[in-house]
$ cat input13.txt   # compact mmCIF, C-alpha atoms
# COMPACT_ATOMS: atom_id res chain seq x y z
CA MET O 1188 -8.83 20.16 2.52
CA PRO O 1189 -6.06 22.76 2.26
CA LYS O 1190 -4.10 21.20 5.15
CA ALA O 1191 -5.21 17.58 4.83
CA PRO O 1192 -6.45 16.36 1.44
CA MET O 1193 -9.81 14.70 1.51
CA ASP O 1194 -10.85 16.36 4.78
CA ALA O 1195 -14.14 16.98 2.97
CA ALA O 1196 -15.12 13.35 3.33
CA ASP O 1197 -18.52 14.30 4.70
CA ILE O 1198 -19.44 16.33 1.60
CA GLU O 1199 -21.93 14.71 -0.74
CA ALA O 1200 -20.79 13.90 -4.26
CA ASP O 1201 -21.33 17.52 -5.28
CA ASP O 1202 -19.27 18.53 -8.30
CA ALA O 1203 -19.09 22.21 -7.37
CA ALA O 1204 -17.89 21.51 -3.83
CA ASP O 1205 -15.45 18.86 -5.01
CA ARG O 1206 -14.13 21.18 -7.70
CA ARG O 1207 -13.40 23.89 -5.12
CA VAL O 1208 -11.49 21.39 -2.99
CA VAL O 1209 -9.50 20.18 -5.99
CA GLU O 1210 -8.70 23.69 -7.23
CA GLN O 1211 -7.43 24.68 -3.80
CA GLU O 1212 -5.18 21.64 -3.61
CA GLN O 1213 -4.10 22.14 -7.20
CA ASP O 1214 -2.98 25.69 -6.41
CA GLU O 1215 -0.71 24.31 -3.69
CA ILE O 1216 0.68 21.74 -6.09
CA LYS O 1217 1.35 24.48 -8.66
CA ASP O 1218 3.46 26.30 -6.07
CA PHE O 1219 5.34 23.07 -5.41
CA VAL O 1220 5.96 22.52 -9.13
CA LYS O 1221 7.26 26.09 -9.53
CA GLY O 1222 10.00 25.21 -7.08
CA LEU O 1223 11.24 22.28 -9.19
CA SER O 1224 14.20 22.64 -11.52
CA ALA O 1225 14.41 21.16 -14.99
CA ASP O 1226 16.96 18.68 -13.61
CA ASP O 1227 14.53 17.65 -10.85
CA ILE O 1228 11.96 16.72 -13.48
CA LYS O 1229 14.38 15.06 -15.86
CA SER O 1230 16.14 13.00 -13.19
CA GLY O 1231 12.96 12.00 -11.36
CA ASN O 1232 14.17 13.73 -8.19
CA TRP O 1233 10.87 15.64 -8.14
CA PHE O 1234 9.32 12.55 -6.57
CA THR O 1235 11.84 12.56 -3.72
CA LYS O 1236 10.80 16.13 -2.95
CA LEU O 1237 7.11 15.33 -3.40
CA ALA O 1238 7.26 12.41 -0.96
CA ALA O 1239 8.54 14.74 1.74
CA HIS O 1240 6.10 17.49 0.75
CA ALA O 1241 3.13 15.12 0.69
CA MET O 1242 3.75 13.09 3.83
CA ASN O 1243 5.74 14.98 6.48
CA SER O 1244 3.05 17.27 7.86
CA TYR O 1245 0.20 14.99 6.78
CA THR O 1246 1.28 12.02 8.89
CA LYS O 1247 1.60 14.21 11.98
CA LYS O 1248 -2.07 15.14 11.68
CA VAL O 1249 -3.68 12.01 10.26
CA ASP O 1250 -3.70 9.05 12.61
CA TRP O 1251 -6.26 6.51 13.76
CA GLN O 1252 -7.75 8.97 16.25
CA TYR O 1253 -8.16 11.50 13.43
CA PHE O 1254 -10.57 9.13 11.68
CA GLN O 1255 -12.26 8.07 14.90
CA ASP O 1256 -13.18 11.69 15.61
CA ARG O 1257 -14.91 11.87 12.21
CA TYR O 1258 -16.33 8.37 11.86
CA ALA O 1259 -16.90 7.16 15.42
CA GLY O 1260 -18.22 3.61 15.41
CA VAL O 1261 -18.04 3.15 11.63
CA PRO O 1262 -16.25 -0.06 10.49
CA ALA O 1263 -12.96 0.48 8.68
CA ASP O 1264 -14.19 -1.17 5.46
CA ALA O 1265 -16.97 1.40 5.09
CA ILE O 1266 -14.65 4.36 5.66
CA VAL O 1267 -12.04 3.00 3.25
CA ASP O 1268 -14.64 2.53 0.54
CA GLN O 1269 -15.76 6.16 0.84
CA ARG O 1270 -12.18 7.49 0.88
CA ILE O 1271 -11.37 5.60 -2.32
CA LYS O 1272 -14.47 6.86 -4.13
CA MET O 1273 -13.83 10.42 -3.03
CA ALA O 1274 -10.18 10.27 -4.08
CA ALA O 1275 -11.26 8.95 -7.49
CA ARG O 1276 -13.65 11.91 -7.89
CA TYR O 1277 -10.89 14.36 -7.02
CA ALA O 1278 -8.47 12.65 -9.40
CA ALA O 1279 -10.95 12.81 -12.29
CA LEU O 1280 -11.70 16.49 -11.69
CA GLU O 1281 -8.01 17.38 -11.51
CA GLY O 1282 -7.24 15.38 -14.65
CA GLY O 1283 -9.79 17.38 -16.59
CA LEU O 1284 -8.42 20.68 -15.27
CA SER O 1285 -4.78 19.86 -16.10
CA ALA O 1286 -5.48 18.33 -19.50
CA GLY O 1287 -7.86 21.18 -20.31
CA ALA O 1288 -5.14 23.72 -19.54
CA TYR O 1289 -2.74 21.87 -21.83
CA THR O 1290 -5.31 21.58 -24.64
CA ALA O 1291 -6.07 25.30 -24.33
CA THR O 1292 -2.37 26.04 -24.77
CA VAL O 1293 -2.30 23.90 -27.90
CA ALA O 1294 -5.39 25.68 -29.29
CA ALA O 1295 -3.87 29.08 -28.61
CA THR O 1296 -0.65 28.04 -30.34
CA ILE O 1297 -2.55 26.79 -33.37
CA GLY O 1298 -4.49 30.04 -33.55
CA SER O 1299 -1.40 32.23 -33.33
CA LEU O 1300 0.81 30.21 -35.67
CA GLY O 1301 -1.80 29.22 -38.24
CA GLY O 1302 -1.26 25.53 -37.59
CA ALA O 1303 0.71 23.61 -35.02
CA SER O 1304 1.14 20.34 -33.19
CA PRO O 1305 1.88 19.49 -29.57
CA ALA O 1306 5.55 19.52 -30.56
CA THR O 1307 5.32 23.31 -31.09
CA VAL O 1308 3.73 24.03 -27.73
CA PRO O 1309 6.16 25.89 -25.44
CA ALA O 1310 8.03 23.29 -23.42
CA ALA O 1311 7.53 25.16 -20.17
CA ALA O 1312 3.75 25.22 -20.58
CA ALA O 1313 3.56 21.54 -21.46
CA SER O 1314 5.91 20.54 -18.65
CA ALA O 1315 4.01 22.61 -16.07
CA SER O 1316 0.63 21.14 -17.01
CA MET O 1317 2.00 17.61 -16.95
CA MET O 1318 3.87 18.06 -13.68
CA VAL O 1319 0.86 19.54 -11.88
CA ASP O 1320 -1.21 16.54 -12.95
CA VAL O 1321 1.46 13.98 -12.06
CA ALA O 1322 2.33 15.61 -8.73
CA PHE O 1323 -1.33 16.03 -7.74
CA LEU O 1324 -2.18 12.43 -8.59
CA SER O 1325 0.95 11.06 -6.93
CA GLN O 1326 0.29 12.98 -3.72
CA LEU O 1327 -3.36 11.95 -3.73
CA GLN O 1328 -2.55 8.26 -4.15
CA LEU O 1329 0.25 8.32 -1.58
CA ARG O 1330 -2.01 9.89 1.01
CA LEU O 1331 -4.90 7.59 0.13
CA ALA O 1332 -2.71 4.51 0.66
CA TYR O 1333 -1.50 5.96 3.95
CA ASP O 1334 -5.09 6.66 5.06
CA ILE O 1335 -6.01 3.06 4.32
CA SER O 1336 -3.06 1.72 6.31
CA VAL O 1337 -4.10 3.90 9.27
CA LEU O 1338 -7.74 2.82 9.05
CA TYR O 1339 -6.74 -0.84 9.14
CA ARG O 1340 -4.27 -0.04 11.94
CA VAL O 1341 -1.26 -1.31 10.03
CA PRO O 1342 1.74 0.53 11.50
CA LEU O 1343 3.75 2.56 8.97
CA ASP O 1344 6.55 5.00 9.75
CA VAL O 1345 7.19 7.14 6.67
CA ASN O 1346 10.53 8.20 8.16
CA ASP O 1347 11.63 4.56 7.97
CA PRO O 1348 13.00 3.85 4.46
CA GLU O 1349 11.55 0.33 4.40
CA ASP O 1350 8.08 1.49 5.43
CA LEU O 1351 8.18 4.39 2.97
CA TRP O 1352 9.14 2.06 0.13
CA LYS O 1353 6.31 -0.27 1.14
CA LEU O 1354 3.85 2.65 1.01
CA ILE O 1355 5.14 3.66 -2.43
CA ARG O 1356 4.84 0.13 -3.81
CA VAL O 1357 1.30 -0.16 -2.54
CA ALA O 1358 0.20 3.34 -3.60
CA PHE O 1359 1.37 2.92 -7.18
CA THR O 1360 0.61 -0.81 -7.55
CA ILE O 1361 4.22 -1.44 -8.52
CA LYS O 1362 4.14 -5.07 -7.44
CA SER O 1363 0.95 -5.82 -9.32
CA GLY O 1364 1.77 -3.71 -12.35
CA GLU O 1365 1.25 -6.35 -14.99
CA ALA O 1366 -2.38 -6.90 -13.99
CA ALA O 1367 -2.92 -3.15 -13.85
CA ASN O 1368 -1.48 -2.66 -17.33
CA LYS O 1369 -3.96 -5.05 -18.96
CA THR O 1370 -6.92 -3.53 -17.15
CA VAL O 1371 -5.99 0.05 -17.99
CA VAL O 1372 -5.69 -0.80 -21.68
CA LYS O 1373 -9.23 -2.22 -21.67
CA ALA O 1374 -10.58 0.90 -20.00
CA VAL O 1375 -9.37 3.60 -22.38
CA PRO O 1376 -10.95 4.60 -25.70
CA ALA O 1377 -10.07 2.35 -28.63
CA LEU O 1378 -8.47 5.27 -30.49
CA VAL O 1379 -5.59 5.56 -28.05
CA ARG O 1380 -5.14 1.94 -26.96
CA PRO O 1381 -2.06 1.41 -29.14
CA LEU O 1382 -0.39 4.41 -27.49
CA VAL O 1383 -1.32 3.26 -24.00
CA LYS O 1384 0.14 -0.16 -24.77
CA ARG O 1385 3.33 1.52 -25.85
CA PHE O 1386 3.65 3.52 -22.66
CA TYR O 1387 2.76 0.51 -20.51
CA SER O 1388 5.06 -1.90 -22.33
CA GLY O 1389 8.22 -3.38 -20.87
CA SER O 1390 8.94 -4.81 -17.48
CA VAL O 1391 7.28 -3.52 -14.35
CA LEU O 1392 9.40 -1.35 -12.08
CA THR O 1393 11.38 -3.76 -9.92
CA ALA O 1394 14.55 -2.91 -8.06
CA GLY O 1395 14.14 0.89 -8.09
CA ARG O 1396 14.33 1.66 -4.41
CA ALA O 1397 15.76 5.06 -5.33
CA LEU O 1398 12.85 7.48 -5.37
CA PRO O 1399 14.00 9.23 -8.57
CA VAL O 1400 13.46 5.96 -10.43
CA VAL O 1401 9.86 5.99 -9.26
CA GLY O 1402 9.59 9.60 -10.42
CA LYS O 1403 10.69 8.65 -13.94
CA HIS O 1404 8.24 5.73 -13.94
CA LEU O 1405 5.33 7.93 -12.93
CA LEU O 1406 6.15 10.57 -15.54
CA GLN O 1407 6.24 7.94 -18.27
CA ARG O 1408 2.97 6.48 -17.05
CA ASN O 1409 1.18 9.83 -17.07
CA VAL O 1410 2.59 11.76 -20.01
CA ILE O 1411 0.23 10.18 -22.55
CA LYS O 1412 -2.83 11.69 -20.90
CA ILE O 1413 -2.08 15.23 -22.06
CA GLY O 1414 -0.14 14.42 -25.20
CA ILE O 1415 -3.14 14.23 -27.52
CA PRO O 1416 -5.26 17.38 -27.94
CA LEU O 1417 -9.06 16.87 -27.74
CA VAL O 1418 -8.62 13.23 -26.76
CA GLY O 1419 -6.44 14.35 -23.83
CA VAL O 1420 -9.20 15.76 -21.61
CA PRO O 1421 -11.57 12.76 -21.54
CA LEU O 1422 -8.62 10.39 -21.41
CA ALA O 1423 -7.08 12.24 -18.45
CA VAL O 1424 -10.39 12.21 -16.59
CA LEU O 1425 -10.86 8.51 -17.28
CA LEU O 1426 -7.33 7.40 -16.46
CA ASN O 1427 -6.99 9.58 -13.36
CA ARG O 1428 -10.22 8.22 -11.96
CA TYR O 1429 -9.49 4.64 -12.94
CA THR O 1430 -5.87 4.50 -11.76
CA THR O 1431 -6.88 6.05 -8.43
CA LEU O 1432 -9.65 3.48 -7.97
CA LEU O 1433 -7.16 0.77 -8.89
CA ALA O 1434 -4.55 2.13 -6.47
CA GLY O 1435 -7.12 2.44 -3.69
CA ARG O 1436 -8.48 -1.08 -4.13
CA HIS O 1437 -4.95 -2.44 -4.25
CA ALA O 1438 -4.04 -0.60 -1.04
CA GLN O 1439 -7.23 -1.89 0.56
CA ALA O 1440 -6.43 -5.49 -0.39
CA VAL O 1441 -2.83 -5.25 0.87
CA PHE O 1442 -3.46 -3.46 4.15
CA ARG O 1443 -6.69 -5.30 4.95
CA ASN O 1444 -4.87 -8.59 4.53
CA GLU O 1445 -2.03 -7.40 6.75
CA ALA O 1446 -4.59 -6.31 9.34
CA ARG O 1447 -6.05 -9.83 9.19
CA VAL O 1448 -2.61 -11.36 9.78
CA ILE O 1449 -1.92 -8.97 12.66
CA GLU O 1450 -5.27 -9.93 14.16
CA VAL O 1451 -4.27 -13.61 13.98
CA ALA O 1452 -0.91 -12.83 15.61
CA GLU O 1453 -2.55 -10.81 18.38
CA GLY O 1454 -5.03 -13.58 19.12
CA MET O 1455 -2.30 -16.22 19.27
CA THR O 1456 -0.14 -14.08 21.53
CA LYS O 1457 -3.00 -13.19 23.85
CA ARG O 1458 -4.09 -16.82 24.29
CA SER O 1459 -0.63 -18.30 24.59
CA ARG O 1460 0.55 -19.64 27.93
CA HIS O 1461 3.86 -20.73 26.35
CA PRO O 1462 4.95 -17.77 24.18
CA GLN O 1463 8.52 -18.93 23.54
CA LEU O 1464 7.45 -22.44 22.60
CA MET O 1465 4.74 -20.96 20.38
CA LEU O 1466 7.40 -19.19 18.32
CA TRP O 1467 9.39 -22.41 17.78
CA VAL O 1468 6.32 -24.44 16.84
CA SER O 1469 5.07 -21.69 14.54
CA TRP O 1470 8.39 -21.59 12.71
CA LEU O 1471 8.43 -25.39 12.42
CA VAL O 1472 4.99 -25.34 10.78
CA ILE O 1473 6.01 -22.55 8.42
CA ARG O 1474 9.19 -24.40 7.36
CA ALA O 1475 7.41 -27.75 6.97
CA ASN O 1476 7.12 -27.45 3.18
CA ASN O 1477 10.44 -25.63 2.68
CA LYS O 1478 8.59 -22.54 1.42
CA ILE O 1479 7.71 -19.32 3.17
CA ALA O 1480 4.58 -17.57 1.92
CA ASP O 1481 4.36 -13.79 2.29
CA ASP O 1482 1.55 -14.09 4.83
CA GLU O 1483 3.58 -16.62 6.84
CA ALA O 1484 6.60 -14.30 6.95
CA LEU O 1485 4.34 -11.43 7.95
CA LEU O 1486 2.73 -13.50 10.69
CA MET O 1487 6.09 -14.56 12.09
CA ARG O 1488 7.35 -10.99 12.14
CA HIS O 1489 4.32 -9.80 14.10
CA LEU O 1490 4.41 -12.82 16.43
CA VAL O 1491 8.01 -12.06 17.38
CA ARG O 1492 7.15 -8.40 17.92
CA LEU O 1493 4.06 -9.11 20.03
CA VAL O 1494 5.76 -11.78 22.14
CA ARG O 1495 8.55 -9.31 22.84
CA GLU O 1496 6.14 -6.49 23.71
CA ARG O 1497 3.61 -8.48 25.75
CA HIS O 1498 5.67 -11.27 27.29
CA GLN O 1499 9.15 -9.68 27.29
CA VAL O 1500 10.47 -12.78 25.50
CA VAL O 1501 13.35 -12.38 23.04
CA ASP O 1502 14.72 -15.65 21.64
CA ASP O 1503 18.18 -15.00 20.19
CA GLN O 1504 18.67 -18.68 19.40
CA LEU O 1505 15.62 -18.74 17.15
CA ALA O 1506 16.64 -15.47 15.52
CA GLN O 1507 20.04 -16.92 14.57
CA LEU O 1508 18.64 -20.24 13.37
CA VAL O 1509 19.28 -21.29 9.75
CA ASP O 1510 17.72 -24.77 9.61
CA ILE O 1511 15.17 -25.77 12.21
CA ASP O 1512 15.53 -29.28 13.61
CA PRO O 1513 12.13 -30.88 14.37
CA ALA O 1514 13.74 -33.06 17.06
CA GLU O 1515 14.75 -29.95 18.99
CA VAL O 1516 11.21 -28.58 18.81
CA TRP O 1517 9.78 -31.89 20.04
CA GLU O 1518 12.21 -31.83 22.98
CA ARG O 1519 10.94 -28.38 23.87
CA VAL O 1520 7.35 -29.60 23.69
CA GLU O 1521 8.05 -32.60 25.90
CA ALA O 1522 9.91 -30.44 28.41
CA GLU O 1523 6.65 -28.61 29.16
CA SER O 1524 3.97 -29.85 31.53
CA GLY O 1525 0.27 -29.25 31.73
CA ASP O 1526 -2.21 -28.18 29.07
CA LEU O 1527 -0.62 -27.45 25.68
CA SER O 1528 -3.85 -26.83 23.80
CA ASP O 1529 -2.76 -23.24 23.17
CA ILE O 1530 0.29 -24.53 21.25
CA LEU O 1531 -1.82 -26.87 19.13
CA ASP O 1532 -4.27 -24.06 18.41
CA ALA O 1533 -1.38 -21.78 17.40
CA ALA O 1534 -0.02 -24.41 15.00
CA ASN O 1535 -3.40 -24.74 13.30
CA ARG O 1536 -3.70 -20.98 12.89
CA VAL O 1537 -0.22 -20.72 11.39
CA ALA O 1538 -0.97 -23.51 8.92
CA THR O 1539 -4.11 -21.76 7.64
CA VAL O 1540 -2.92 -18.14 7.56
CA ASP O 1541 -2.06 -18.42 3.85
CA GLY O 1542 -4.83 -20.85 2.90
CA ALA O 1543 -5.59 -24.51 3.41
CA PRO O 1544 -2.69 -26.45 4.99
CA ASP O 1545 -0.77 -28.82 2.75
CA ALA O 1546 0.20 -32.43 3.49
CA ARG O 1547 3.52 -31.56 5.20
CA GLU O 1548 1.94 -28.96 7.44
CA LYS O 1549 -0.79 -31.42 8.39
CA ALA O 1550 1.87 -34.02 9.21
CA VAL O 1551 3.63 -31.61 11.59
CA ILE O 1552 0.34 -30.73 13.29
CA SER O 1553 -0.58 -34.40 13.62
CA GLU O 1554 2.78 -35.12 15.25
CA LEU O 1555 2.36 -32.14 17.54
CA ARG O 1556 -1.11 -33.32 18.59
CA GLU O 1557 0.22 -36.72 19.62
CA ARG O 1558 3.07 -35.23 21.62
CA CYS O 1559 0.81 -32.70 23.33
CA LEU O 1560 -1.45 -35.54 24.49
CA ARG O 1561 1.52 -37.31 26.08
CA VAL O 1562 2.50 -34.31 28.18
$ encode --input "input13.txt" --output "C-alpha cells"
Amino acid sequence: MPKAPMDAADIEADDAADRRVVEQEQDEIKDFVKGLSADDIKSGNWFTKLAAHAMNSYTKKVDWQYFQDRYAGVPADAIVDQRIKMAARYAALEGGLSAGAYTATVAATIGSLGGASPATVPAAAASASMMVDVAFLSQLQLRLAYDISVLYRVPLDVNDPEDLWKLIRVAFTIKSGEAANKTVVKAVPALVRPLVKRFYSGSVLTAGRALPVVGKHLLQRNVIKIGIPLVGVPLAVLLNRYTTLLAGRHAQAVFRNEARVIEVAEGMTKRSRHPQLMLWVSWLVIRANNKIADDEALLMRHLVRLVRERHQVVDDQLAQLVDIDPAEVWERVEAESGDLSDILDAANRVATVDGAPDAREKAVISELRERCLRV
C-alpha cells in the first residue's frame, strides 16, 4: 500500500495487517502535513495541495487493467463492495490512531499542569493530529471514489477541472449532504449528538468550485472528532468508518448509474443504422415534457460522443439548436427509406432511461411509430 492505497485488497480482515498498512500510509500523510503552512490550513488551500498529492501518481498507476490483473473475471459490483469495506476498515483504524494521539496530548497536558482542557493543548499538536486525520480520510475517500469510477469504466480525467470537481462532489457526498447529515447524527453516541448537529448545521456546500472552500468544509466536518477527550477516540473510529462507508456507497450509486447510462448509449449507437437521425429523435423525446432529467442529459452527452467516435457524425445544427421543432424531426424521419425499427427502439430506450415514460414522451413515441410504419 505505500505506493497505491488499498493495494492490500487480498488481505483478510486482519487487524494487525490492516494496522500496518494504515500506519505506513499515515506516516506519508504526516510528511505531507509537515509541509503545510498555517495559512494553508486556515485558508483551506491544504486541500488543493492534497488533491494533487493524492491523485497525480495514483491515477497513472490505477486503471481498469490494474484491477483486471488482480480480479480477473470478477464482476465490478463484487470488487467495489470489497474496496468500500476495506477502505472503511482503514478509516476506522486511522481515526483511532489520530484521536488517540490527540487524547494522549490532552492527558499529558493535564498531568503536567494539574488540570487543563483541550483549549490549553498546544495548538501545533492539536492541529497536527487533526490535519493528519482529515488529510488521510480525504485522500482515502478521493481514491476510493476514483477506484469505483474506474471499476465501472466511467471515464474521469483528474487533470480536467470539471472531472476533478465531479470526483470531489462524489467522494465527499456534497450533493447529497442533507441526507448524510441526518444519518450521521443518528449514528453517533447520544452524548455528542448536539455537537454533531451544530457542526453539520447550515446549508450544504454548493457553489464552492474553488478547492480551498472544500478544504474549509472538510476541516469543519472533521474537527469535532478529536475535540472531546475520551469520547474522541470511539467517536473518531465510528465517524471515520461510517462516513467512508457512506462516501463509498454514494460513489457506487453515482458511478454505477452512469455506467448503466453509458451502456444504454453504447447499445443504441451500436444498433443504429441512422446515427444522425437517432440523435434528433432522442433529443425530441427528451424535450417532450420540457424538462431534462440528469440521466437524460448524461445519455445525450454520451450518445453524441459515441456517434462522433463510431460513425464520424458531428451535427453542428443540433448542437446550436435552442428549441427543437417536431415538424423538422418528422421531415427527417420521412426523408429516410427502409427499416426504421432502430430509431423506434432508440426512442423507447431514451424515454425509459430515467424511469417510466410520461404521457408526453409516450405521445412522441406513438407519433414516431406511425411515421416509421409509413416509410
$ closest_residue --input "input13.txt" --among "O:Ala1538, O:Leu1338, O:Leu1351, O:Leu1531" --to "Gln1252 of chain O" --atoms "all atoms listed in the file"
O:Leu1338
$ closest_residue --input "input13.txt" --among "O:Gly1542, O:Gly1435, O:Pro1513, O:Pro1462" --to "Val1448 of chain O" --atoms "only C-alpha atoms"
O:Gly1542
$ atom_distance --input "input13.txt" --atom1 "atom CA of Leu1493 of chain O" --atom2 "atom CA of Gln1255 of chain O"
24.2 Å
$ closest_residue --input "input13.txt" --among "O:Leu1508, O:Val1208, O:Val1451, O:Ala1238" --to "Leu1490 of chain O" --atoms "only C-alpha atoms"
O:Val1451
$ residues_around --input "input13.txt" --residues "Asp1344 of chain O" --least-positions-apart "3" --cutoff "10 Å" --atoms "only C-alpha atoms" --output "PyMOL selection string"
chain O and resi 1246+1333+1347-1351+1354
$ residues_around --input "input13.txt" --residues "Arg1488 of chain O" --least-positions-apart "6" --cutoff "10 Å" --atoms "all atoms listed in the file" --output "number ranges by chain"
O: 1449, 1452, 1482
$ residues_around --input "input13.txt" --residues "segment 1221-1229 of chain O" --least-positions-apart "5" --cutoff "9 Å" --atoms "all atoms listed in the file" --output "list in words"
Ile1216, Phe1234, Lys1236, Ser1314, Ala1315, Met1318, Pro1399, Gly1402, Lys1403 and Leu1406 of chain O
$ decode --input "input13.txt" --residues "segment 1506-1532 of chain O" --atoms "N, CA and C atoms" --output "tab-separated table (two decimals), in the first residue's frame"
chain	number	residue	atom	x	y	z
O	1506	ALA	N	-26.29	20.84	-32.36
O	1506	ALA	CA	-25.53	21.41	-31.25
O	1506	ALA	C	-25.91	22.87	-31.00
O	1507	GLN	N	-26.30	23.59	-32.06
O	1507	GLN	CA	-26.63	25.01	-31.92
O	1507	GLN	C	-28.12	25.25	-31.70
O	1508	LEU	N	-28.89	24.17	-31.64
O	1508	LEU	CA	-30.33	24.27	-31.53
O	1508	LEU	C	-30.75	24.77	-30.15
O	1509	VAL	N	-31.73	25.69	-30.12
O	1509	VAL	CA	-32.30	26.15	-28.85
O	1509	VAL	C	-33.63	25.45	-28.60
O	1510	ASP	N	-34.58	25.61	-29.51
O	1510	ASP	CA	-35.87	24.92	-29.42
O	1510	ASP	C	-35.98	23.93	-30.57
O	1511	ILE	N	-36.31	22.70	-30.24
O	1511	ILE	CA	-36.44	21.70	-31.30
O	1511	ILE	C	-37.87	21.72	-31.84
O	1512	ASP	N	-37.98	21.72	-33.16
O	1512	ASP	CA	-39.27	21.75	-33.84
O	1512	ASP	C	-39.65	20.32	-34.24
O	1513	PRO	N	-40.71	19.75	-33.67
O	1513	PRO	CA	-41.10	18.38	-34.02
O	1513	PRO	C	-41.30	18.19	-35.52
O	1514	ALA	N	-41.83	19.22	-36.20
O	1514	ALA	CA	-42.08	19.10	-37.64
O	1514	ALA	C	-40.78	18.83	-38.39
O	1515	GLU	N	-39.70	19.46	-37.95
O	1515	GLU	CA	-38.42	19.23	-38.62
O	1515	GLU	C	-37.94	17.79	-38.40
O	1516	VAL	N	-38.17	17.27	-37.22
O	1516	VAL	CA	-37.76	15.89	-36.93
O	1516	VAL	C	-38.58	14.93	-37.77
O	1517	TRP	N	-39.89	15.19	-37.90
O	1517	TRP	CA	-40.74	14.31	-38.70
O	1517	TRP	C	-40.32	14.34	-40.16
O	1518	GLU	N	-39.90	15.50	-40.65
O	1518	GLU	CA	-39.41	15.59	-42.04
O	1518	GLU	C	-38.16	14.72	-42.22
O	1519	ARG	N	-37.31	14.73	-41.23
O	1519	ARG	CA	-36.10	13.92	-41.29
O	1519	ARG	C	-36.45	12.43	-41.28
O	1520	VAL	N	-37.45	12.07	-40.50
O	1520	VAL	CA	-37.88	10.67	-40.45
O	1520	VAL	C	-38.43	10.25	-41.81
O	1521	GLU	N	-39.29	11.08	-42.37
O	1521	GLU	CA	-39.94	10.73	-43.64
O	1521	GLU	C	-38.97	10.77	-44.83
O	1522	ALA	N	-37.85	11.45	-44.64
O	1522	ALA	CA	-36.85	11.51	-45.73
O	1522	ALA	C	-36.05	10.21	-45.84
O	1523	GLU	N	-36.14	9.38	-44.79
O	1523	GLU	CA	-35.43	8.10	-44.79
O	1523	GLU	C	-36.27	7.03	-45.49
O	1524	SER	N	-35.62	5.98	-45.90
O	1524	SER	CA	-36.32	4.85	-46.50
O	1524	SER	C	-35.85	3.56	-45.84
O	1525	GLY	N	-36.68	2.55	-45.93
O	1525	GLY	CA	-36.29	1.27	-45.37
O	1525	GLY	C	-36.73	1.12	-43.91
O	1526	ASP	N	-36.13	0.17	-43.25
O	1526	ASP	CA	-36.48	-0.21	-41.88
O	1526	ASP	C	-35.98	0.83	-40.88
O	1527	LEU	N	-36.91	1.40	-40.11
O	1527	LEU	CA	-36.54	2.40	-39.09
O	1527	LEU	C	-36.80	1.86	-37.68
O	1528	SER	N	-36.79	0.54	-37.55
O	1528	SER	CA	-37.05	-0.04	-36.23
O	1528	SER	C	-35.97	0.35	-35.22
O	1529	ASP	N	-34.75	0.59	-35.71
O	1529	ASP	CA	-33.68	1.01	-34.80
O	1529	ASP	C	-33.98	2.38	-34.18
O	1530	ILE	N	-34.62	3.27	-34.94
O	1530	ILE	CA	-34.98	4.59	-34.44
O	1530	ILE	C	-36.09	4.50	-33.39
O	1531	LEU	N	-37.07	3.64	-33.65
O	1531	LEU	CA	-38.15	3.45	-32.69
O	1531	LEU	C	-37.63	2.82	-31.40
O	1532	ASP	N	-36.72	1.87	-31.55
O	1532	ASP	CA	-36.11	1.25	-30.37
O	1532	ASP	C	-35.32	2.28	-29.57
